[in-house]
file my_file-v5.cif (mmCIF, C-alpha atoms)
data_work
#
loop_
_atom_site.label_atom_id
_atom_site.label_comp_id
_atom_site.auth_asym_id
_atom_site.auth_seq_id
_atom_site.Cartn_x
_atom_site.Cartn_y
_atom_site.Cartn_z
CA MET A 1 100.16 -19.61 -41.04
CA ALA A 2 99.58 -17.73 -44.33
CA LEU A 3 96.93 -15.08 -44.44
CA SER A 4 94.18 -15.40 -47.04
CA GLU A 5 93.73 -12.62 -49.61
CA GLY A 6 91.73 -9.71 -48.33
CA THR A 7 92.34 -10.47 -44.66
CA SER A 8 94.60 -8.65 -42.25
CA PRO A 9 95.92 -9.51 -38.79
CA ASP A 10 93.85 -8.48 -35.81
CA PRO A 11 95.02 -5.11 -34.56
CA THR A 12 96.73 -5.08 -31.15
CA PRO A 13 94.25 -3.74 -28.59
CA THR A 14 95.12 -0.25 -27.42
CA PRO A 15 95.37 -0.13 -23.60
CA SER A 16 92.81 2.03 -21.92
CA PRO A 17 93.98 5.13 -19.99
CA ALA A 18 92.92 3.43 -16.79
CA ASP A 19 95.10 0.37 -17.52
CA ALA A 20 98.11 2.53 -18.40
CA SER A 21 97.66 4.61 -15.27
CA ALA A 22 97.45 1.48 -13.14
CA ARG A 23 100.68 0.13 -14.63
CA ARG A 24 102.47 3.43 -14.12
CA GLY A 25 101.18 3.55 -10.56
CA GLY A 26 102.44 0.02 -9.96
CA VAL A 27 105.86 0.92 -11.33
CA ARG A 28 106.06 4.02 -9.17
CA PHE A 29 105.03 2.02 -6.10
CA ARG A 30 107.65 -0.65 -6.79
CA ARG A 31 110.32 2.00 -7.34
CA ALA A 32 109.36 3.75 -4.11
CA ALA A 33 109.43 0.46 -2.24
CA LEU A 34 112.87 -0.39 -3.63
CA MET A 35 114.15 3.06 -2.72
CA GLY A 36 112.88 2.55 0.81
CA VAL A 37 114.76 -0.73 1.30
CA PRO A 38 118.25 0.86 1.57
CA ALA A 39 116.92 3.38 4.09
CA LEU A 40 115.42 0.65 6.26
CA THR A 41 118.57 -1.44 5.92
CA ALA A 42 120.74 1.52 6.90
CA ALA A 43 118.57 2.22 9.95
CA ALA A 44 118.78 -1.42 11.05
CA ALA A 45 122.53 -1.46 10.46
CA LEU A 46 122.92 1.71 12.55
CA VAL A 47 121.26 0.02 15.52
CA VAL A 48 123.40 -3.11 15.10
CA LEU A 49 126.62 -1.12 14.75
CA THR A 50 125.81 0.90 17.85
CA ALA A 51 125.01 -2.26 19.79
CA GLN A 52 128.30 -3.83 18.73
CA GLY A 53 130.31 -0.74 19.53
CA ALA A 54 131.44 -0.33 15.91
CA LEU A 55 129.81 3.07 15.56
CA ALA A 56 131.98 4.57 18.27
CA ALA A 57 135.09 3.54 16.39
CA GLN A 58 133.78 4.90 13.09
CA PHE A 59 132.55 8.38 13.85
CA ALA A 60 135.11 11.17 14.04
CA ILE A 61 135.26 12.88 17.43
CA SER A 62 135.34 16.67 17.71
CA GLY A 63 138.33 16.55 20.03
CA MET A 64 136.53 18.74 22.59
CA PRO A 65 136.32 16.90 25.94
CA PHE A 66 133.16 16.99 28.04
CA VAL A 67 132.64 16.23 31.71
CA VAL A 68 130.02 13.78 33.00
CA THR A 69 129.14 13.39 36.66
CA ALA A 70 126.53 11.36 38.52
CA ASP A 71 125.75 10.76 42.16
CA ARG A 72 125.39 7.06 41.47
CA LEU A 73 125.83 4.66 38.57
CA GLU A 74 124.49 1.11 38.59
CA GLY A 75 125.14 -1.18 35.65
CA ARG A 76 124.69 -4.74 34.45
CA GLY A 77 127.13 -6.27 31.98
CA PHE A 78 130.27 -4.19 32.50
CA GLY A 79 133.52 -4.08 30.54
CA GLN A 80 136.54 -1.79 30.10
CA PHE A 81 139.44 -1.71 27.65
CA GLY A 82 141.67 0.74 25.80
CA ALA A 83 140.98 2.24 22.36
CA ILE A 84 142.02 5.15 20.13
CA ASP A 85 139.54 7.83 19.01
CA ASN A 86 140.24 9.82 15.86
CA MET A 87 139.45 13.41 14.87
CA PRO A 88 138.79 14.46 11.26
CA GLU A 89 141.86 15.34 9.24
CA GLY A 90 142.83 18.97 9.81
CA SER A 91 140.79 19.34 13.01
CA PRO A 92 141.69 22.56 14.86
CA ASN A 93 141.47 20.60 18.13
CA ALA A 94 144.18 18.09 17.20
CA GLY A 95 147.03 20.09 18.74
CA ASP A 96 150.12 17.91 19.00
CA THR A 97 148.11 14.67 19.30
CA GLY A 98 148.02 13.99 15.56
CA GLY A 99 144.24 13.88 15.85
CA GLN A 100 144.26 10.75 18.00
CA ILE A 101 143.22 10.34 21.64
CA LEU A 102 143.98 7.23 23.71
CA THR A 103 140.82 6.48 25.69
CA ILE A 104 139.36 4.08 28.21
CA VAL A 105 136.21 2.53 26.78
CA THR A 106 133.62 1.70 29.42
CA ALA A 107 130.79 -0.49 28.10
CA ILE A 108 127.65 -1.31 30.09
CA ARG A 109 124.78 -3.41 28.81
CA GLU A 110 122.13 -1.72 31.00
CA ALA A 111 122.89 1.35 33.13
CA GLU A 112 121.08 3.73 35.48
CA LEU A 113 122.53 7.08 36.55
CA THR A 114 121.18 9.29 39.34
CA ASN A 115 121.54 13.07 39.09
CA LEU A 116 123.39 13.10 35.77
CA CYS A 117 125.28 16.23 34.73
CA GLN A 118 127.14 16.84 31.47
CA SER A 119 129.01 19.97 30.42
CA VAL A 120 131.26 21.04 27.58
CA GLU A 121 133.20 24.29 27.42
CA LEU A 122 132.43 26.46 24.39
CA GLY A 123 134.73 29.46 24.28
CA GLY A 124 134.49 30.57 27.89
CA THR A 125 130.92 29.40 28.55
CA PHE A 126 129.53 25.93 29.19
CA LEU A 127 126.70 23.98 27.60
CA HIS A 128 125.19 22.42 30.71
CA ILE A 129 122.84 19.40 30.67
CA THR A 130 121.16 17.77 33.67
CA ALA A 131 118.70 14.87 33.97
CA GLY A 132 117.57 12.21 36.41
CA ASN A 133 117.63 14.51 39.42
CA LYS A 134 113.98 14.28 40.51
CA GLY A 135 113.67 10.69 41.64
CA THR A 136 113.71 8.95 38.25
CA PRO A 137 117.18 7.90 37.09
CA VAL A 138 118.60 8.23 33.59
CA LYS A 139 118.54 4.88 31.78
CA ALA A 140 120.81 3.70 28.99
CA SER A 141 121.16 0.44 27.10
CA GLY A 142 124.22 -0.52 25.09
CA LEU A 143 126.11 2.38 26.67
CA THR A 144 129.75 3.10 25.82
CA THR A 145 131.86 6.04 26.97
CA ASP A 146 135.35 6.90 25.73
CA SER A 147 137.19 8.61 28.59
CA THR A 148 140.64 9.85 29.49
CA GLU A 149 139.84 10.21 33.21
CA ILE A 150 137.43 8.30 35.46
CA SER A 151 137.01 8.68 39.20
CA GLY A 152 134.56 7.69 41.91
CA LYS A 153 134.32 7.57 45.67
CA VAL A 154 133.39 3.87 45.87
CA ALA A 155 133.41 1.23 43.12
CA ASP A 156 131.76 -2.16 43.67
CA PHE A 157 131.98 -5.04 41.14
CA ASP A 158 130.39 -8.51 41.10
CA ASN A 159 132.38 -11.40 39.58
CA ILE A 160 135.05 -9.17 38.09
CA GLU A 161 137.70 -10.58 35.72
CA ILE A 162 140.83 -8.42 35.29
CA GLY A 163 143.45 -8.91 32.61
CA GLY A 164 141.38 -10.75 30.03
CA ASP A 165 141.71 -10.23 26.27
CA ALA A 166 139.04 -7.66 25.43
CA SER A 167 138.13 -9.44 22.19
CA THR A 168 136.82 -12.43 24.19
CA PHE A 169 134.46 -10.48 26.46
CA GLU A 170 130.83 -11.60 26.70
CA LYS A 171 129.45 -9.64 29.65
CA PRO A 172 129.51 -6.08 28.22
CA PRO A 173 127.57 -5.11 25.07
CA VAL A 174 130.77 -4.71 22.99
CA LYS A 175 134.09 -6.48 22.57
CA GLY A 176 137.45 -4.77 22.48
CA PRO A 177 140.35 -5.22 20.03
CA LEU A 178 142.30 -8.47 19.91
CA GLY A 179 145.24 -8.54 22.30
CA VAL A 180 144.07 -5.55 24.37
CA PHE A 181 144.07 -5.75 28.18
CA GLY A 182 140.64 -5.37 29.74
CA GLN A 183 138.31 -6.22 32.57
CA GLN A 184 134.67 -7.29 32.78
CA ALA A 185 132.13 -7.91 35.54
CA ASP A 186 128.53 -8.99 35.98
CA THR A 187 127.57 -5.72 37.68
CA VAL A 188 129.10 -2.39 38.66
CA LYS A 189 128.09 0.21 41.25
CA LEU A 190 129.88 3.54 41.47
CA LYS A 191 129.30 6.50 43.77
CA ASP A 192 130.21 10.08 42.87
CA LEU A 193 131.15 9.25 39.30
CA ARG A 194 133.22 11.77 37.35
CA GLN A 195 134.44 11.26 33.76
CA LYS A 196 136.33 13.31 31.20
CA ASN A 197 134.92 11.97 27.94
CA TYR A 198 135.49 12.36 24.24
CA ALA A 199 132.62 10.20 22.97
CA THR A 200 129.46 8.46 24.14
CA THR A 201 127.17 6.06 22.28
CA ALA A 202 124.07 4.17 23.34
CA VAL A 203 121.43 2.04 21.68
CA ARG A 204 118.87 3.89 23.80
CA PHE A 205 119.21 6.84 26.19
CA THR A 206 116.26 7.96 28.34
CA LEU A 207 116.75 11.28 30.20
CA PRO A 208 113.87 12.21 32.52
CA ASP A 209 113.61 15.86 33.61
CA LEU A 210 116.11 16.96 30.95
CA HIS A 211 117.35 20.54 31.27
CA MET A 212 119.80 22.22 28.86
CA ARG A 213 121.25 25.69 29.32
CA PHE A 214 124.38 27.81 29.00
CA SER A 215 126.24 28.43 32.24
CA SER A 216 129.38 30.07 33.55
CA LYS A 217 130.30 26.83 35.34
CA GLY A 218 130.66 23.22 34.28
CA CYS A 219 129.68 20.08 36.17
#

call {"tool": "encode", "arguments": {"input": "my_file-v5.cif", "output": "structure tokens"}}
result
Amino acid sequence: MALSEGTSPDPTPTPSPADASARRGGVRFRRAALMGVPALTAAAALVVLTAQGALAAQFAISGMPFVVTADRLEGRGFGQFGAIDNMPEGSPNAGDTGGQILTIVTAIREAELTNLCQSVELGGTFLHITAGNKGTPVKASGLTTDSTEISGKVADFDNIEIGGDASTFEKPPVKGPLGVFGQQADTVKLKDLRQKNYATTAVRFTLPDLHMRFSSKGC
């Protein structure tokens, strides 16, 4: 529409400082919220990966073995199969292994351990950890351990299946690789457990009466 002589368009209202501040605050809030989404997604993914056993395959092991012992282990949803753990490239602990360790993965959906002891040798001394030795057992959910040696005085399994393809397992919290020999059971009970481990993961680990110290002896 043409403007008549002597008239001019209405000036655009200038936003008040309060309005501008509110908009900037809204933008900052939205940006902060968007920045928080990846962090929340990553945290959720971490829990899922741990539960599926993928995290154990992804993190690089130090290559320093540690010993775990317990007077008694009781678990529900048990499985075992073979896997390979990898050290970072150039690790001083690789030796002649090429940075790879063939391990036995033990996966337990829910586990309780009585009188747990864990130790790792650090240049002639041991970092020594104990828990669950005062009447309340250690509890773990989604537990996996990568071991090269496992022993026990008595092992008791309910409804065990030996020789199955680890990728088809449903009882333990994780599945193994396709074509890999494995075994699974509804429950497991083990007395005088002793493991030589290279990695452990768990969705949740509760250690009552935890005690950490340096010692001249391991577990």

call {"tool": "residues_around", "arguments": {"input": "my_file-v5.cif", "residues": "region 212-216 of chain A", "least_positions_apart": "6", "cutoff": "6 Å", "atoms": "only C-alpha atoms", "output": "NGL selection string"}}
result
:A and (125-129)

call {"tool": "resolve_selection", "arguments": {"input": "my_file-v5.cif", "expression": "the PyMOL selection byres ((chain A and resi 71-88) around 7)", "output": "ChimeraX atom specification"}}
result
/A:57,60-63,69-70,89-91,99-115,166,171-172,176,180-193

call {"tool": "closest_residue", "arguments": {"input": "my_file-v5.cif", "among": "A:Lys217, A:Pro173, A:Thr206, A:Ala199", "to": "Leu143 (chain A)", "atoms": "only C-alpha atoms"}}
result
A:Pro173

call {"tool": "atom_distance", "arguments": {"input": "my_file-v5.cif", "atom1": "CA of Gly132 (chain A)", "atom2": "CA of Cys117 (chain A)"}}
result
8.9 Å

call {"tool": "closest_residue", "arguments": {"input": "my_file-v5.cif", "among": "A:Ala131, A:Asp146, A:Pro92, A:Phe205", "to": "Pro65 (chain A)", "atoms": "all atoms listed in the file"}}
result
A:Asp146

call {"tool": "atom_distance", "arguments": {"input": "my_file-v5.cif", "atom1": "CA of Gln195 (chain A)", "atom2": "CA of Thr148 (chain A)"}}
result
7.7 Å

call {"tool": "closest_residue", "arguments": {"input": "my_file-v5.cif", "among": "A:Phe59, A:Met64, A:Gly152, A:Cys219", "to": "Ala94 (chain A)", "atoms": "all atoms listed in the file"}}
result
A:Met64

call {"tool": "atom_distance", "arguments": {"input": "my_file-v5.cif", "atom1": "CA of Gly95 (chain A)", "atom2": "CA of Val67 (chain A)"}}
result
19.8 Å

call {"tool": "closest_residue", "arguments": {"input": "my_file-v5.cif", "among": "A:Arg204, A:Leu122, A:Phe169, A:Asp158", "to": "Gly142 (chain A)", "atoms": "all atoms listed in the file"}}
result
A:Arg204

call {"tool": "build_atoms", "arguments": {"input": "my_file-v5.cif", "residues": "region 188-213 of chain A", "atoms": "N, CA, C and O atoms", "output": "mmCIF file, in the frame of the given file"}}
result
data_model
loop_
_atom_site.group_PDB
_atom_site.id
_atom_site.type_symbol
_atom_site.label_atom_id
_atom_site.label_comp_id
_atom_site.auth_asym_id
_atom_site.auth_seq_id
_atom_site.Cartn_x
_atom_site.Cartn_y
_atom_site.Cartn_z
ATOM 1 N N VAL A 188 128.246 -3.446 38.131
ATOM 2 C CA VAL A 188 129.100 -2.390 38.660
ATOM 3 C C VAL A 188 128.224 -1.374 39.387
ATOM 4 O O VAL A 188 127.109 -1.070 38.949
ATOM 5 N N LYS A 189 128.732 -0.878 40.519
ATOM 6 C CA LYS A 189 128.090 0.210 41.250
ATOM 7 C C LYS A 189 129.172 1.240 41.574
ATOM 8 O O LYS A 189 130.240 0.879 42.063
ATOM 9 N N LEU A 190 128.885 2.497 41.279
ATOM 10 C CA LEU A 190 129.880 3.540 41.470
ATOM 11 C C LEU A 190 129.226 4.781 42.055
ATOM 12 O O LEU A 190 128.206 5.248 41.541
ATOM 13 N N LYS A 191 129.803 5.278 43.146
ATOM 14 C CA LYS A 191 129.300 6.500 43.770
ATOM 15 C C LYS A 191 130.172 7.681 43.369
ATOM 16 O O LYS A 191 131.387 7.553 43.230
ATOM 17 N N ASP A 192 129.518 8.825 43.217
ATOM 18 C CA ASP A 192 130.210 10.080 42.870
ATOM 19 C C ASP A 192 131.083 9.902 41.628
ATOM 20 O O ASP A 192 132.293 10.193 41.630
ATOM 21 N N LEU A 193 130.463 9.452 40.566
ATOM 22 C CA LEU A 193 131.150 9.250 39.300
ATOM 23 C C LEU A 193 131.558 10.580 38.672
ATOM 24 O O LEU A 193 130.798 11.544 38.688
ATOM 25 N N ARG A 194 132.762 10.620 38.118
ATOM 26 C CA ARG A 194 133.220 11.770 37.350
ATOM 27 C C ARG A 194 134.067 11.265 36.186
ATOM 28 O O ARG A 194 135.010 10.499 36.389
ATOM 29 N N GLN A 195 133.727 11.684 34.959
ATOM 30 C CA GLN A 195 134.440 11.260 33.760
ATOM 31 C C GLN A 195 134.806 12.468 32.911
ATOM 32 O O GLN A 195 134.042 13.429 32.813
ATOM 33 N N LYS A 196 135.959 12.392 32.277
ATOM 34 C CA LYS A 196 136.330 13.310 31.200
ATOM 35 C C LYS A 196 136.254 12.504 29.921
ATOM 36 O O LYS A 196 137.077 11.625 29.680
ATOM 37 N N ASN A 197 135.239 12.796 29.099
ATOM 38 C CA ASN A 197 134.920 11.970 27.940
ATOM 39 C C ASN A 197 135.190 12.681 26.624
ATOM 40 O O ASN A 197 135.177 13.913 26.545
ATOM 41 N N TYR A 198 135.388 11.857 25.604
ATOM 42 C CA TYR A 198 135.490 12.360 24.240
ATOM 43 C C TYR A 198 134.389 11.814 23.339
ATOM 44 O O TYR A 198 134.164 12.341 22.248
ATOM 45 N N ALA A 199 133.703 10.764 23.770
ATOM 46 C CA ALA A 199 132.620 10.200 22.970
ATOM 47 C C ALA A 199 131.715 9.369 23.858
ATOM 48 O O ALA A 199 132.160 8.784 24.855
ATOM 49 N N THR A 200 130.440 9.326 23.489
ATOM 50 C CA THR A 200 129.460 8.460 24.140
ATOM 51 C C THR A 200 128.517 7.930 23.075
ATOM 52 O O THR A 200 128.088 8.678 22.197
ATOM 53 N N THR A 201 128.204 6.638 23.146
ATOM 54 C CA THR A 201 127.170 6.060 22.280
ATOM 55 C C THR A 201 126.247 5.214 23.141
ATOM 56 O O THR A 201 126.637 4.728 24.208
ATOM 57 N N ALA A 202 125.030 5.029 22.660
ATOM 58 C CA ALA A 202 124.070 4.170 23.340
ATOM 59 C C ALA A 202 123.027 3.722 22.328
ATOM 60 O O ALA A 202 122.673 4.469 21.406
ATOM 61 N N VAL A 203 122.540 2.506 22.493
ATOM 62 C CA VAL A 203 121.430 2.040 21.680
ATOM 63 C C VAL A 203 120.180 2.824 22.042
ATOM 64 O O VAL A 203 119.396 3.212 21.178
ATOM 65 N N ARG A 204 120.014 3.092 23.331
ATOM 66 C CA ARG A 204 118.870 3.890 23.800
ATOM 67 C C ARG A 204 119.289 4.681 25.030
ATOM 68 O O ARG A 204 119.979 4.161 25.909
ATOM 69 N N PHE A 205 118.885 5.948 25.085
ATOM 70 C CA PHE A 205 119.210 6.840 26.190
ATOM 71 C C PHE A 205 117.915 7.535 26.604
ATOM 72 O O PHE A 205 117.314 8.245 25.795
ATOM 73 N N THR A 206 117.485 7.334 27.841
ATOM 74 C CA THR A 206 116.260 7.960 28.340
ATOM 75 C C THR A 206 116.640 8.935 29.455
ATOM 76 O O THR A 206 117.210 8.523 30.475
ATOM 77 N N LEU A 207 116.333 10.237 29.255
ATOM 78 C CA LEU A 207 116.750 11.280 30.200
ATOM 79 C C LEU A 207 115.512 11.986 30.758
ATOM 80 O O LEU A 207 115.014 12.950 30.179
ATOM 81 N N PRO A 208 115.007 11.530 31.901
ATOM 82 C CA PRO A 208 113.870 12.210 32.520
ATOM 83 C C PRO A 208 114.290 13.563 33.104
ATOM 84 O O PRO A 208 115.427 13.725 33.557
ATOM 85 N N ASP A 209 113.369 14.514 33.053
ATOM 86 C CA ASP A 209 113.610 15.860 33.610
ATOM 87 C C ASP A 209 114.848 16.510 32.983
ATOM 88 O O ASP A 209 115.669 17.131 33.679
ATOM 89 N N LEU A 210 114.965 16.388 31.676
ATOM 90 C CA LEU A 210 116.110 16.960 30.950
ATOM 91 C C LEU A 210 116.071 18.488 30.997
ATOM 92 O O LEU A 210 115.026 19.106 30.801
ATOM 93 N N HIS A 211 117.236 19.078 31.251
ATOM 94 C CA HIS A 211 117.350 20.540 31.270
ATOM 95 C C HIS A 211 118.676 20.927 30.615
ATOM 96 O O HIS A 211 119.741 20.495 31.054
ATOM 97 N N MET A 212 118.602 21.745 29.557
ATOM 98 C CA MET A 212 119.800 22.220 28.860
ATOM 99 C C MET A 212 119.872 23.732 28.961
ATOM 100 O O MET A 212 118.863 24.420 28.785
ATOM 101 N N ARG A 213 121.081 24.245 29.218
ATOM 102 C CA ARG A 213 121.250 25.690 29.320
ATOM 103 C C ARG A 213 122.727 26.035 29.174
ATOM 104 O O ARG A 213 123.598 25.165 29.246
#
